[in-house]
Amino acid sequence: MPSGLSARANSAVDKRRLSSNFTRIGIGATGVFCTGNYMISNERPSPYGHRPFGAPKPPVNEDTLKSDKIQIERKTFVFTLKENPRGRFLRITEDVAGRRDTIIIPAPGLEDFRKLLEAMAKASAEIPPKHPE
């Protein structure tokens, strides 16, 4: 065993310390929650406050500047250009049978994103498929 490590990893003292950090963990309508003292792994208080895990963030005022959608096979992609107090961004949401995944691209990165997307489309057209249909 390396020096400085205690052989008492499962002692009653360690269990009491752990149970005092996380008094109760449960699952509620809003997700997983924890009551008691909220401590991170290095036992310093979190600088982000004591909002329980899974609690919703306060709403941010967002303005929709433009929105459009495209259907590709079974997937629907919704492109929404939005703006909030922190700036403009493009939100791309993929909807497959009610399951949604979203990515957000900040406006300063849209030109680089477009270039990369065009390069991928060009490569897809130029490289022959390995398994022709």
# chains A, B, ... in the order shown; residues from 1 in each chain; ligands from 1
call {"tool": "residues_around", "arguments": {"residues": "region 83-87 of chain A", "least_positions_apart": "4", "cutoff": "12 Å", "atoms": "only C-alpha atoms", "output": "VMD selection string"}}
result
chain A and resid 59 to 66 91 104 to 108
call {"tool": "write_last_selection", "arguments": {"atoms": "C-alpha atoms", "output": "mmCIF file, in the first residue's frame"}}
result
data_model
loop_
_atom_site.group_PDB
_atom_site.id
_atom_site.type_symbol
_atom_site.label_atom_id
_atom_site.label_comp_id
_atom_site.auth_asym_id
_atom_site.auth_seq_id
_atom_site.Cartn_x
_atom_site.Cartn_y
_atom_site.Cartn_z
ATOM 1 C CA PRO A 59 -35.214 30.729 -17.640
ATOM 2 C CA VAL A 60 -33.093 32.937 -19.899
ATOM 3 C CA ASN A 61 -34.883 35.394 -22.164
ATOM 4 C CA GLU A 62 -34.225 34.251 -25.751
ATOM 5 C CA ASP A 63 -35.453 35.867 -28.959
ATOM 6 C CA THR A 64 -35.956 33.694 -32.055
ATOM 7 C CA LEU A 65 -34.523 35.479 -35.104
ATOM 8 C CA LYS A 66 -35.103 32.756 -37.719
ATOM 9 C CA ARG A 91 -29.609 25.728 -31.986
ATOM 10 C CA ILE A 104 -25.727 24.881 -29.862
ATOM 11 C CA ILE A 105 -23.178 26.732 -31.988
ATOM 12 C CA PRO A 106 -22.265 30.270 -30.868
ATOM 13 C CA ALA A 107 -22.584 32.798 -33.724
ATOM 14 C CA PRO A 108 -18.817 33.503 -33.904
#
call {"tool": "closest_residue", "arguments": {"among": "A:Ala55, A:Ala123, A:Ile92, A:Leu110", "to": "Asp68 (chain A)", "atoms": "only C-alpha atoms"}}
result
A:Ile92
